[in-house]
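The data block below is structure18.cif; it holds mmCIF, C-alpha atoms.
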```cif
data_query
loop_
_atom_site.label_atom_id
_atom_site.label_comp_id
_atom_site.auth_asym_id
_atom_site.auth_seq_id
_atom_site.Cartn_x
_atom_site.Cartn_y
_atom_site.Cartn_z
CA MET G 1 0.00 0.00 0.00
CA PRO G 2 1.30 3.49 -0.81
CA GLU G 3 2.16 5.81 2.04
CA THR G 4 -0.32 8.52 3.02
CA LYS G 5 2.10 11.38 2.36
CA PRO G 6 3.70 11.89 -1.06
CA ILE G 7 7.46 11.68 -1.48
CA ILE G 8 7.33 14.49 -4.01
CA SER G 9 4.68 16.99 -5.04
CA MET G 10 4.45 19.45 -7.91
CA ARG G 11 2.22 22.45 -7.39
CA ASP G 12 0.86 24.88 -9.99
CA ILE G 13 3.64 24.05 -12.45
CA VAL G 14 3.82 26.34 -15.47
CA LYS G 15 6.26 25.88 -18.34
CA ARG G 16 6.51 28.25 -21.28
CA PHE G 17 8.67 27.90 -24.35
CA GLY G 18 8.58 31.42 -25.77
CA GLY G 19 4.92 32.10 -26.45
CA VAL G 20 3.90 28.45 -26.15
CA VAL G 21 2.44 27.32 -22.83
CA ALA G 22 3.38 23.64 -22.47
CA LEU G 23 2.14 23.30 -18.88
CA ASP G 24 -0.50 25.48 -17.31
CA GLY G 25 -0.83 25.11 -13.53
CA VAL G 26 -0.30 21.34 -13.15
CA ASP G 27 -0.27 19.51 -9.80
CA LEU G 28 1.17 16.03 -9.27
CA ASP G 29 1.83 13.77 -6.27
CA ALA G 30 3.98 10.63 -6.21
CA TYR G 31 3.83 8.13 -3.36
CA ALA G 32 6.20 5.37 -2.28
CA GLY G 33 4.93 1.89 -3.16
CA GLU G 34 2.70 3.15 -5.97
CA VAL G 35 2.62 3.20 -9.76
CA LEU G 36 1.32 6.50 -11.10
CA ALA G 37 0.54 6.46 -14.83
CA ILE G 38 0.55 9.67 -16.84
CA VAL G 39 -1.56 9.52 -19.99
CA GLY G 40 -2.73 11.96 -22.63
CA ASP G 41 -2.50 12.75 -26.33
CA ASN G 42 0.68 13.94 -28.00
CA GLY G 43 1.32 17.54 -27.00
CA ALA G 44 -0.63 17.23 -23.74
CA GLY G 45 2.47 18.06 -21.68
CA LYS G 46 3.43 14.61 -20.39
CA SER G 47 7.09 14.69 -21.39
CA THR G 48 7.54 18.28 -20.29
CA LEU G 49 6.09 17.42 -16.90
CA ILE G 50 8.46 14.52 -16.25
CA LYS G 51 11.46 16.47 -17.55
CA ILE G 52 10.72 19.08 -14.90
CA LEU G 53 10.27 16.33 -12.30
CA THR G 54 13.68 14.88 -13.22
CA GLY G 55 15.57 18.19 -13.41
CA VAL G 56 16.00 18.30 -17.20
CA TYR G 57 13.82 21.43 -17.48
CA GLN G 58 13.26 24.22 -14.99
CA PRO G 59 9.64 25.29 -14.47
CA THR G 60 8.69 28.82 -15.47
CA SER G 61 6.78 29.01 -12.19
CA GLY G 62 5.37 26.70 -9.53
CA ARG G 63 6.82 24.65 -6.69
CA ILE G 64 8.31 21.19 -6.24
CA ILE G 65 8.17 19.83 -2.70
CA LEU G 66 10.38 16.89 -1.71
CA ASP G 67 9.89 15.45 1.79
CA ASP G 68 7.91 18.55 2.86
CA ASP G 69 10.64 21.00 1.75
CA ASP G 70 10.76 23.20 -1.35
CA PHE G 71 13.13 21.58 -3.84
CA VAL G 72 14.91 23.22 -6.76
CA MET G 73 16.97 21.07 -9.14
CA ALA G 74 19.71 22.67 -11.19
CA ASP G 75 19.95 19.68 -13.52
CA HIS G 76 19.25 15.97 -13.89
CA SER G 77 22.38 14.95 -11.97
CA GLU G 78 21.05 16.79 -8.92
CA ALA G 79 17.77 14.88 -9.26
CA ILE G 80 19.72 11.61 -9.24
CA THR G 81 21.57 12.74 -6.12
CA HIS G 82 18.20 13.16 -4.40
CA GLY G 83 16.90 9.75 -5.48
CA ILE G 84 15.04 10.65 -8.69
CA ASP G 85 15.94 9.00 -12.00
CA ALA G 86 14.36 8.17 -15.35
CA VAL G 87 14.44 5.48 -18.01
CA TYR G 88 13.55 7.07 -21.32
CA GLN G 89 12.09 5.37 -24.37
CA ASN G 90 15.44 5.22 -26.20
CA LEU G 91 17.00 3.58 -23.07
CA ALA G 92 20.29 5.48 -23.70
CA LEU G 93 22.32 2.27 -23.66
CA ALA G 94 25.75 1.89 -25.25
CA ASP G 95 25.07 -1.10 -27.50
CA HIS G 96 28.72 -2.12 -27.91
CA LEU G 97 29.24 -2.39 -24.14
CA THR G 98 28.26 -5.33 -21.93
CA PRO G 99 25.30 -5.08 -19.53
CA ALA G 100 27.66 -4.54 -16.58
CA GLN G 101 29.58 -1.84 -18.41
CA ASN G 102 26.28 -0.08 -19.11
CA LEU G 103 25.25 -0.29 -15.46
CA PHE G 104 28.51 1.31 -14.35
CA LEU G 105 28.93 3.71 -17.28
CA GLY G 106 30.38 6.93 -15.89
CA SER G 107 31.07 5.39 -12.48
CA GLU G 108 33.29 2.45 -13.39
CA LEU G 109 34.97 0.42 -10.65
CA THR G 110 38.74 0.11 -10.80
CA ARG G 111 41.49 -1.84 -9.09
CA SER G 112 45.19 -1.16 -8.85
CA VAL G 113 47.81 -3.30 -10.59
CA LEU G 114 51.37 -2.22 -9.87
CA GLY G 115 50.01 1.15 -8.92
CA ILE G 116 48.12 1.53 -12.20
CA PRO G 117 44.30 1.73 -12.03
CA ILE G 118 42.50 -0.66 -14.40
CA LEU G 119 38.85 -1.51 -14.82
CA ASP G 120 37.58 -4.09 -12.32
CA ASN G 121 35.35 -5.93 -14.77
CA ALA G 122 34.96 -8.99 -12.55
CA THR G 123 33.49 -6.97 -9.68
CA MET G 124 31.25 -4.96 -12.02
CA ASP G 125 29.98 -8.19 -13.62
CA ALA G 126 29.25 -9.69 -10.19
CA GLU G 127 27.47 -6.59 -8.88
CA ALA G 128 25.47 -6.14 -12.09
CA THR G 129 24.38 -9.79 -11.94
CA GLU G 130 23.30 -9.32 -8.33
CA VAL G 131 21.31 -6.13 -9.06
CA LEU G 132 19.51 -7.73 -11.97
CA LYS G 133 18.68 -10.84 -9.94
CA SER G 134 17.84 -9.36 -6.53
CA ARG G 135 16.02 -6.20 -7.65
CA LEU G 136 14.41 -7.35 -10.87
CA GLY G 137 14.46 -11.15 -10.79
CA VAL G 138 16.31 -11.19 -14.13
CA THR G 139 19.19 -13.49 -15.04
CA LEU G 140 21.04 -12.88 -18.30
CA ARG G 141 22.58 -15.93 -19.95
CA ASP G 142 25.79 -14.17 -21.00
CA MET G 143 26.97 -11.08 -19.11
CA SER G 144 29.92 -10.73 -21.49
CA ALA G 145 27.80 -10.28 -24.61
CA PRO G 146 27.32 -6.77 -26.05
CA THR G 147 24.04 -5.17 -25.04
CA GLU G 148 22.97 -4.91 -28.68
CA SER G 149 22.63 -8.73 -28.74
CA LEU G 150 19.96 -8.70 -26.01
CA SER G 151 16.22 -8.82 -26.61
CA GLY G 152 14.14 -5.68 -26.19
CA GLY G 153 12.90 -6.79 -22.78
CA GLN G 154 16.39 -7.63 -21.59
CA ARG G 155 17.66 -4.23 -22.73
CA GLN G 156 14.82 -2.63 -20.79
CA ALA G 157 15.89 -4.61 -17.72
CA VAL G 158 19.47 -3.37 -18.08
CA ALA G 159 18.29 0.23 -18.34
CA ILE G 160 16.11 -0.18 -15.24
CA ALA G 161 18.93 -1.92 -13.35
CA ARG G 162 21.25 0.99 -14.10
CA ALA G 163 18.82 3.27 -12.26
CA VAL G 164 18.00 0.98 -9.33
CA ARG G 165 21.67 0.14 -8.75
CA HIS G 166 21.80 3.32 -6.69
CA ALA G 167 20.62 2.41 -3.21
CA ASP G 168 19.10 5.84 -2.60
CA LEU G 169 16.75 5.70 -5.61
CA ARG G 170 13.22 6.56 -4.49
CA ILE G 171 11.40 7.79 -7.58
CA LEU G 172 11.73 6.15 -11.00
CA VAL G 173 10.16 7.70 -14.10
CA MET G 174 9.65 5.43 -17.12
CA ASP G 175 8.78 6.85 -20.53
CA GLU G 176 6.85 4.40 -22.75
CA PRO G 177 8.56 1.31 -21.23
CA THR G 178 6.74 -1.19 -23.44
CA ALA G 179 7.03 0.64 -26.77
CA ALA G 180 8.16 -1.69 -29.57
CA LEU G 181 8.08 -4.77 -27.31
CA GLY G 182 6.21 -7.94 -28.20
CA PRO G 183 3.47 -9.36 -25.96
CA GLN G 184 5.74 -11.63 -23.89
CA GLU G 185 8.38 -8.98 -23.30
CA THR G 186 5.70 -6.41 -22.52
CA ALA G 187 4.35 -8.76 -19.85
CA ARG G 188 7.84 -9.19 -18.38
CA THR G 189 8.46 -5.43 -18.32
CA LEU G 190 5.13 -4.78 -16.62
CA GLN G 191 6.09 -7.37 -14.01
CA LEU G 192 9.40 -5.56 -13.45
CA ILE G 193 7.46 -2.35 -12.78
CA LYS G 194 5.24 -4.14 -10.25
CA THR G 195 8.34 -5.58 -8.58
CA LEU G 196 9.85 -2.12 -8.16
CA ARG G 197 6.59 -0.79 -6.74
CA ASP G 198 6.45 -3.66 -4.27
CA GLN G 199 9.99 -2.79 -3.19
CA GLY G 200 8.70 0.63 -2.13
CA LEU G 201 9.67 2.83 -5.06
CA ALA G 202 7.42 5.52 -6.42
CA VAL G 203 7.15 4.54 -10.10
CA ILE G 204 5.81 7.04 -12.62
CA VAL G 205 4.99 5.60 -16.04
CA ILE G 206 4.13 7.49 -19.22
CA SER G 207 2.27 5.24 -21.63
CA HIS G 208 -0.03 5.41 -24.64
CA SER G 209 -1.23 1.87 -23.94
CA LEU G 210 -4.24 1.99 -21.64
CA ASP G 211 -4.18 -1.81 -21.45
CA ASP G 212 -0.71 -1.59 -19.90
CA VAL G 213 -1.77 1.30 -17.68
CA PHE G 214 -4.67 -0.63 -16.19
CA GLU G 215 -2.40 -3.64 -15.70
CA ILE G 216 0.08 -1.80 -13.46
CA ALA G 217 -1.21 1.60 -12.31
CA ASP G 218 -2.63 2.45 -8.90
CA ARG G 219 -3.58 5.95 -10.02
CA ILE G 220 -3.88 7.58 -13.45
CA HIS G 221 -3.00 11.24 -14.07
CA VAL G 222 -4.58 12.51 -17.29
CA GLN G 223 -2.97 15.41 -19.16
CA ARG G 224 -4.94 17.44 -21.71
CA ARG G 225 -3.70 20.56 -23.48
CA GLY G 226 -1.11 21.36 -20.85
CA LYS G 227 -3.44 20.93 -17.90
CA CYS G 228 -4.29 18.05 -15.60
CA ALA G 229 -7.71 16.86 -16.74
CA GLY G 230 -8.08 14.60 -13.72
CA VAL G 231 -6.46 12.02 -11.45
CA VAL G 232 -8.37 8.77 -10.93
CA LYS G 233 -7.81 5.47 -9.15
CA ALA G 234 -7.37 2.68 -11.69
CA ALA G 235 -9.55 0.33 -9.64
CA ASP G 236 -12.42 2.82 -9.61
CA THR G 237 -12.52 3.80 -13.28
CA SER G 238 -12.59 2.31 -16.78
CA THR G 239 -10.79 2.66 -20.07
CA GLU G 240 -13.80 4.52 -21.46
CA GLU G 241 -13.78 7.07 -18.65
CA VAL G 242 -10.03 7.68 -19.01
CA LEU G 243 -10.43 8.10 -22.78
CA ALA G 244 -13.20 10.61 -22.11
CA LEU G 245 -10.84 12.62 -19.91
CA ILE G 246 -8.10 12.46 -22.55
CA THR G 247 -10.42 13.69 -25.30
CA GLY G 248 -12.26 16.24 -23.17
CA ALA G 249 -15.59 14.46 -23.46
CA LYS G 250 -15.75 14.24 -19.66
CA LEU G 251 -14.59 16.55 -16.90
CA ALA G 252 -13.10 15.03 -13.75
CA ALA G 253 -15.23 15.16 -10.64
#
```
Could you render the structure as structure tokens?
Amino acid sequence: MPETKPIISMRDIVKRFGGVVALDGVDLDAYAGEVLAIVGDNGAGKSTLIKILTGVYQPTSGRIILDDDDFVMADHSEAITHGIDAVYQNLALADHLTPAQNLFLGSELTRSVLGIPILDNATMDAEATEVLKSRLGVTLRDMSAPTESLSGGQRQAVAIARAVRHADLRILVMDEPTAALGPQETARTLQLIKTLRDQGLAVIVISHSLDDVFEIADRIHVQRRGKCAGVVKAADTSTEEVLALITGAKLAA
């Protein structure tokens, strides 16, 4: 069950790009142990909203509150420092590197040989294997193979593992995690998301697939034309009602 107080809140968020208003007074709450889905048509403001949440963009106005305190992020690296990370649709993996090398990219482990630091590939392989198994329940057959040789679902698992490797991760944003995956790999990825939720993370998922959303989401935040059209509990609503909010055929209570 999610906690009663959100880890992070966004209040009255406005984002302008020149004369274009991408977000117009949006609120959002994310709770530990919950999957929050963000849905809406293209141009509704979904991506802009999560880029502000993860420090990629700065809001034009509005507040972000983390653990009851006002929180201003200078950039995405500061968001990571405070336990917020994202897995984007392109996964941002280096295909020629191994899964372990991707997990440790930018923070490689080294050991000293005759006073010369060299990469500690054995330790990175062992730790990557442990993260994949203990956090995600995933075992890769060959940790020495280049990431480009993995299936789409396995690549998704590597990208998620790179984020959850950090022990202080609390909020994970996932942008279209099942895009271009087949049915079996979609099912595995949705199970990974449930696993992370059950481990106490706040998981925020952007998705165009309402079938996937209703499979994993506890709450659904609907964006429409830069505004929040409504936030509903997945168990208390239907696909038709969410579609009505997306299209503007229905106003949220």
Shell of 9 Å around Leu103 (chain G), only C-alpha atoms, local chain residues under 4 positions omitted, as a ChimeraX atom specification: /G:98-99,107-108,124,128,158-159,161-163,165
With 6 Å on each side, where is the centre of the axis-aligned box around all listed atoms of region 100-110 of chain G, and how long are its edges in Å to one decimal, as AutoDock Vina command-line options?
```
--center_x 32.0 --center_y 1.2 --center_z -14.9 --size_x 25.5 --size_y 23.5 --size_z 20.5
```
Selection result for the PyMOL selection byres ((chain G and resi 238-247) around 10) on this file, as a ChimeraX atom specification: /G:39-41,44,210-211,213-214,220-225,228-237,248-252
Mind running region 192-216 of chain G against region 48-64 of chain G at 10 Å and telling me each contacting residue's nearest atom pair with the distance in Å (one decimal), counting only C-alpha atoms, chain and number ascending, as CSV?
```
residue,atom,partner,partner_atom,distance
G:Ile204,CA,G:Ile50,CA,8.7
G:Val205,CA,G:Ile50,CA,9.6
G:Ile206,CA,G:Ile50,CA,8.8
```
File dump, residues just selected, C-alpha atoms, as a short mmCIF file (atom, residue, chain, number, x, y, z; two decimals), in the frame of the given file:
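As a result, out-v5.cif now contains:
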```cif
data_model
loop_
_atom_site.label_atom_id
_atom_site.label_comp_id
_atom_site.auth_asym_id
_atom_site.auth_seq_id
_atom_site.Cartn_x
_atom_site.Cartn_y
_atom_site.Cartn_z
CA ILE G 204 5.81 7.04 -12.62
CA VAL G 205 4.99 5.60 -16.04
CA ILE G 206 4.13 7.49 -19.22
#
```
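Counting all atoms listed in the file and comparing G:Gln156, G:His166, G:Thr123, G:Gly115, the residue that lies closest to Ala92 (chain G) is G:Gln156.
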Residue neighbourhood Asp70 (chain G), 10 Å, all atoms listed in the file, exclusion window fewer than 3 positions, as an NGL selection string: :G and (8-10 or 63-67)
Given all atoms listed in the file as the counted atoms, nearest of G:Ala100, G:Val87, G:Leu196, G:Met174 to Thr129 (chain G):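 With all atoms listed in the file as the atom set, the closest residue is G:Ala100.
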Within 7 Å of Ala86 (chain G) using only C-alpha atoms, minus same-chain residues under 2 positions, as number ranges by chain: G: 88, 172-174
Residues matched by the PyMOL selection byres ((chain G and resi 25) around 6), written as a list in words: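 The output of the PyMOL selection byres ((chain G and resi 25) around 6) on this file is Asp12, Ile13, Val14, Asp24 and Val26 of chain G.
Listed by chain and then by number, the residues chosen by the PyMOL selection byres ((chain G and resi 23) around 6) in this file are Val14, Lys15, Val21, Ala22, Asp24, Gly45 and Gly226 of chain G.
Minimum atom-to-atom distances from G:Lys227, G:Lys194, G:His96, G:Arg135 to Glu215 (chain G) were compared using all atoms listed in the file, and the lowest value belongs to G:Lys194.
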Residue contacts of Ala94 (chain G) (9 Å, all atoms listed in the file) excluding same-chain residues fewer than 5 positions away, as number ranges by chain: G: 101-102, 105, 146-148
Distance query 12 Å from (5.9, 9.8, 0.8) using only C-alpha atoms, result as a ChimeraX atom specification: /G:1-9,29-34,65-68,170-171,200-202
Keeping only C-alpha atoms, write those residues as an mmCIF file, in the frame of the given file.
```cif
data_model
loop_
_atom_site.group_PDB
_atom_site.id
_atom_site.type_symbol
_atom_site.label_atom_id
_atom_site.label_comp_id
_atom_site.auth_asym_id
_atom_site.auth_seq_id
_atom_site.Cartn_x
_atom_site.Cartn_y
_atom_site.Cartn_z
ATOM 1 C CA MET G 1 0.000 0.000 0.000
ATOM 2 C CA PRO G 2 1.300 3.490 -0.810
ATOM 3 C CA GLU G 3 2.160 5.810 2.040
ATOM 4 C CA THR G 4 -0.320 8.520 3.020
ATOM 5 C CA LYS G 5 2.100 11.380 2.360
ATOM 6 C CA PRO G 6 3.700 11.890 -1.060
ATOM 7 C CA ILE G 7 7.460 11.680 -1.480
ATOM 8 C CA ILE G 8 7.330 14.490 -4.010
ATOM 9 C CA SER G 9 4.680 16.990 -5.040
ATOM 10 C CA ASP G 29 1.830 13.770 -6.270
ATOM 11 C CA ALA G 30 3.980 10.630 -6.210
ATOM 12 C CA TYR G 31 3.830 8.130 -3.360
ATOM 13 C CA ALA G 32 6.200 5.370 -2.280
ATOM 14 C CA GLY G 33 4.930 1.890 -3.160
ATOM 15 C CA GLU G 34 2.700 3.150 -5.970
ATOM 16 C CA ILE G 65 8.170 19.830 -2.700
ATOM 17 C CA LEU G 66 10.380 16.890 -1.710
ATOM 18 C CA ASP G 67 9.890 15.450 1.790
ATOM 19 C CA ASP G 68 7.910 18.550 2.860
ATOM 20 C CA ARG G 170 13.220 6.560 -4.490
ATOM 21 C CA ILE G 171 11.400 7.790 -7.580
ATOM 22 C CA GLY G 200 8.700 0.630 -2.130
ATOM 23 C CA LEU G 201 9.670 2.830 -5.060
ATOM 24 C CA ALA G 202 7.420 5.520 -6.420
#
```
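For the atom pair formed by CA of Phe17 (chain G) and CA of Gln89 (chain G), the distance is 22.8 Å, given to one decimal.
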Distance query 10 Å from (40.0, 2.0, -5.7) using all atoms listed in the file, result as a ChimeraX atom specification: /G:109-112,117-120
Distance of CA of Thr186 (chain G) from CA of Ser151 (chain G), expressed in Å to one decimal place: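 We find that CA of Ser151 (chain G) and CA of Thr186 (chain G) lie 11.5 Å from each other.
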Pairwise distance for CA of Asp218 (chain G) and CA of Leu36 (chain G), rounded to one decimal in Å: 6.1 Å
Pick from G:Asp95, G:Ala37, G:Ser47, G:Gly19 nearest to Ile193 (chain G), counting all atoms listed in the file: G:Ala37
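Of the residues listed (G:Val138, G:Ala145, G:Val113, G:Ile38), G:Val138 shows the shortest atom-to-atom separation from Thr189 (chain G); distances use only C-alpha atoms.
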Residue nearest Gly153 (chain G) - candidates G:Ala122, G:Ala167, G:Val203, G:Leu91, atoms counted: all atoms listed in the file: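 Residue with the minimum atom-to-atom distance to Gly153 (chain G): G:Leu91.
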Would you fill the gaps in region 101-135 of chain G so it has N, CA and C atoms, then print it as a PDB file, in the coordinates of the input?
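Produced file result-v2.pdb, reproduced below:
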```
ATOM      1  N   GLN G 101      28.944  -3.098 -18.043  1.00  0.00           N
ATOM      2  CA  GLN G 101      29.580  -1.840 -18.410  1.00  0.00           C
ATOM      3  C   GLN G 101      28.550  -0.727 -18.566  1.00  0.00           C
ATOM      4  N   ASN G 102      27.350  -1.069 -19.028  1.00  0.00           N
ATOM      5  CA  ASN G 102      26.280  -0.080 -19.110  1.00  0.00           C
ATOM      6  C   ASN G 102      25.804   0.347 -17.723  1.00  0.00           C
ATOM      7  N   LEU G 103      25.698  -0.622 -16.813  1.00  0.00           N
ATOM      8  CA  LEU G 103      25.250  -0.290 -15.460  1.00  0.00           C
ATOM      9  C   LEU G 103      26.214   0.670 -14.774  1.00  0.00           C
ATOM     10  N   PHE G 104      27.497   0.517 -15.036  1.00  0.00           N
ATOM     11  CA  PHE G 104      28.510   1.310 -14.350  1.00  0.00           C
ATOM     12  C   PHE G 104      29.064   2.449 -15.220  1.00  0.00           C
ATOM     13  N   LEU G 105      28.428   2.701 -16.359  1.00  0.00           N
ATOM     14  CA  LEU G 105      28.930   3.710 -17.280  1.00  0.00           C
ATOM     15  C   LEU G 105      28.989   5.083 -16.579  1.00  0.00           C
ATOM     16  N   GLY G 106      30.175   5.657 -16.561  1.00  0.00           N
ATOM     17  CA  GLY G 106      30.380   6.930 -15.890  1.00  0.00           C
ATOM     18  C   GLY G 106      30.791   6.807 -14.439  1.00  0.00           C
ATOM     19  N   SER G 107      30.658   5.607 -13.881  1.00  0.00           N
ATOM     20  CA  SER G 107      31.070   5.390 -12.480  1.00  0.00           C
ATOM     21  C   SER G 107      31.745   4.022 -12.359  1.00  0.00           C
ATOM     22  N   GLU G 108      32.634   3.753 -13.305  1.00  0.00           N
ATOM     23  CA  GLU G 108      33.290   2.450 -13.390  1.00  0.00           C
ATOM     24  C   GLU G 108      34.113   2.142 -12.137  1.00  0.00           C
ATOM     25  N   LEU G 109      34.133   0.867 -11.762  1.00  0.00           N
ATOM     26  CA  LEU G 109      34.970   0.420 -10.650  1.00  0.00           C
ATOM     27  C   LEU G 109      36.362   0.075 -11.176  1.00  0.00           C
ATOM     28  N   THR G 110      37.366   0.397 -10.387  1.00  0.00           N
ATOM     29  CA  THR G 110      38.740   0.110 -10.800  1.00  0.00           C
ATOM     30  C   THR G 110      39.477  -0.635  -9.682  1.00  0.00           C
ATOM     31  N   ARG G 111      40.574  -1.259 -10.061  1.00  0.00           N
ATOM     32  CA  ARG G 111      41.490  -1.840  -9.090  1.00  0.00           C
ATOM     33  C   ARG G 111      42.907  -1.481  -9.513  1.00  0.00           C
ATOM     34  N   SER G 112      43.818  -1.580  -8.585  1.00  0.00           N
ATOM     35  CA  SER G 112      45.190  -1.160  -8.850  1.00  0.00           C
ATOM     36  C   SER G 112      46.085  -2.364  -9.150  1.00  0.00           C
ATOM     37  N   VAL G 113      46.818  -2.284 -10.230  1.00  0.00           N
ATOM     38  CA  VAL G 113      47.810  -3.300 -10.590  1.00  0.00           C
ATOM     39  C   VAL G 113      49.146  -2.585 -10.766  1.00  0.00           C
ATOM     40  N   LEU G 114      50.067  -2.882  -9.856  1.00  0.00           N
ATOM     41  CA  LEU G 114      51.370  -2.220  -9.870  1.00  0.00           C
ATOM     42  C   LEU G 114      51.233  -0.702  -9.851  1.00  0.00           C
ATOM     43  N   GLY G 115      50.230  -0.276  -9.071  1.00  0.00           N
ATOM     44  CA  GLY G 115      50.010   1.150  -8.920  1.00  0.00           C
ATOM     45  C   GLY G 115      49.263   1.803 -10.060  1.00  0.00           C
ATOM     46  N   ILE G 116      48.850   1.000 -11.044  1.00  0.00           N
ATOM     47  CA  ILE G 116      48.120   1.530 -12.200  1.00  0.00           C
ATOM     48  C   ILE G 116      46.660   1.125 -12.096  1.00  0.00           C
ATOM     49  N   PRO G 117      45.720   2.088 -12.112  1.00  0.00           N
ATOM     50  CA  PRO G 117      44.300   1.730 -12.030  1.00  0.00           C
ATOM     51  C   PRO G 117      43.804   1.113 -13.339  1.00  0.00           C
ATOM     52  N   ILE G 118      43.132  -0.027 -13.236  1.00  0.00           N
ATOM     53  CA  ILE G 118      42.500  -0.660 -14.400  1.00  0.00           C
ATOM     54  C   ILE G 118      41.060  -0.995 -14.032  1.00  0.00           C
ATOM     55  N   LEU G 119      40.256  -1.192 -15.060  1.00  0.00           N
ATOM     56  CA  LEU G 119      38.850  -1.510 -14.820  1.00  0.00           C
ATOM     57  C   LEU G 119      38.716  -2.845 -14.092  1.00  0.00           C
ATOM     58  N   ASP G 120      37.850  -2.862 -13.075  1.00  0.00           N
ATOM     59  CA  ASP G 120      37.580  -4.090 -12.320  1.00  0.00           C
ATOM     60  C   ASP G 120      36.334  -4.751 -12.900  1.00  0.00           C
ATOM     61  N   ASN G 121      36.503  -5.358 -14.064  1.00  0.00           N
ATOM     62  CA  ASN G 121      35.350  -5.930 -14.770  1.00  0.00           C
ATOM     63  C   ASN G 121      34.711  -7.077 -13.999  1.00  0.00           C
ATOM     64  N   ALA G 122      35.514  -7.852 -13.279  1.00  0.00           N
ATOM     65  CA  ALA G 122      34.960  -8.990 -12.550  1.00  0.00           C
ATOM     66  C   ALA G 122      33.982  -8.524 -11.471  1.00  0.00           C
ATOM     67  N   THR G 123      34.366  -7.486 -10.724  1.00  0.00           N
ATOM     68  CA  THR G 123      33.490  -6.970  -9.680  1.00  0.00           C
ATOM     69  C   THR G 123      32.244  -6.322 -10.283  1.00  0.00           C
ATOM     70  N   MET G 124      32.413  -5.587 -11.374  1.00  0.00           N
ATOM     71  CA  MET G 124      31.250  -4.960 -12.020  1.00  0.00           C
ATOM     72  C   MET G 124      30.294  -6.022 -12.554  1.00  0.00           C
ATOM     73  N   ASP G 125      30.836  -7.104 -13.134  1.00  0.00           N
ATOM     74  CA  ASP G 125      29.980  -8.190 -13.620  1.00  0.00           C
ATOM     75  C   ASP G 125      29.198  -8.816 -12.454  1.00  0.00           C
ATOM     76  N   ALA G 126      29.884  -9.056 -11.342  1.00  0.00           N
ATOM     77  CA  ALA G 126      29.250  -9.690 -10.190  1.00  0.00           C
ATOM     78  C   ALA G 126      28.156  -8.792  -9.606  1.00  0.00           C
ATOM     79  N   GLU G 127      28.458  -7.506  -9.468  1.00  0.00           N
ATOM     80  CA  GLU G 127      27.470  -6.590  -8.880  1.00  0.00           C
ATOM     81  C   GLU G 127      26.296  -6.374  -9.828  1.00  0.00           C
ATOM     82  N   ALA G 128      26.557  -6.298 -11.127  1.00  0.00           N
ATOM     83  CA  ALA G 128      25.470  -6.140 -12.090  1.00  0.00           C
ATOM     84  C   ALA G 128      24.561  -7.369 -12.080  1.00  0.00           C
ATOM     85  N   THR G 129      25.159  -8.551 -12.022  1.00  0.00           N
ATOM     86  CA  THR G 129      24.380  -9.790 -11.940  1.00  0.00           C
ATOM     87  C   THR G 129      23.498  -9.799 -10.703  1.00  0.00           C
ATOM     88  N   GLU G 130      24.046  -9.340  -9.581  1.00  0.00           N
ATOM     89  CA  GLU G 130      23.300  -9.320  -8.330  1.00  0.00           C
ATOM     90  C   GLU G 130      22.146  -8.322  -8.378  1.00  0.00           C
ATOM     91  N   VAL G 131      22.379  -7.135  -8.945  1.00  0.00           N
ATOM     92  CA  VAL G 131      21.310  -6.130  -9.060  1.00  0.00           C
ATOM     93  C   VAL G 131      20.185  -6.653  -9.928  1.00  0.00           C
ATOM     94  N   LEU G 132      20.533  -7.203 -11.075  1.00  0.00           N
ATOM     95  CA  LEU G 132      19.510  -7.730 -11.970  1.00  0.00           C
ATOM     96  C   LEU G 132      18.694  -8.833 -11.308  1.00  0.00           C
ATOM     97  N   LYS G 133      19.369  -9.719 -10.564  1.00  0.00           N
ATOM     98  CA  LYS G 133      18.680 -10.840  -9.940  1.00  0.00           C
ATOM     99  C   LYS G 133      17.874 -10.413  -8.720  1.00  0.00           C
ATOM    100  N   SER G 134      18.505  -9.662  -7.798  1.00  0.00           N
ATOM    101  CA  SER G 134      17.840  -9.360  -6.530  1.00  0.00           C
ATOM    102  C   SER G 134      16.763  -8.280  -6.666  1.00  0.00           C
ATOM    103  N   ARG G 135      16.993  -7.291  -7.525  1.00  0.00           N
ATOM    104  CA  ARG G 135      16.020  -6.200  -7.650  1.00  0.00           C
ATOM    105  C   ARG G 135      14.955  -6.475  -8.694  1.00  0.00           C
TER     106      ARG G 135
END
```
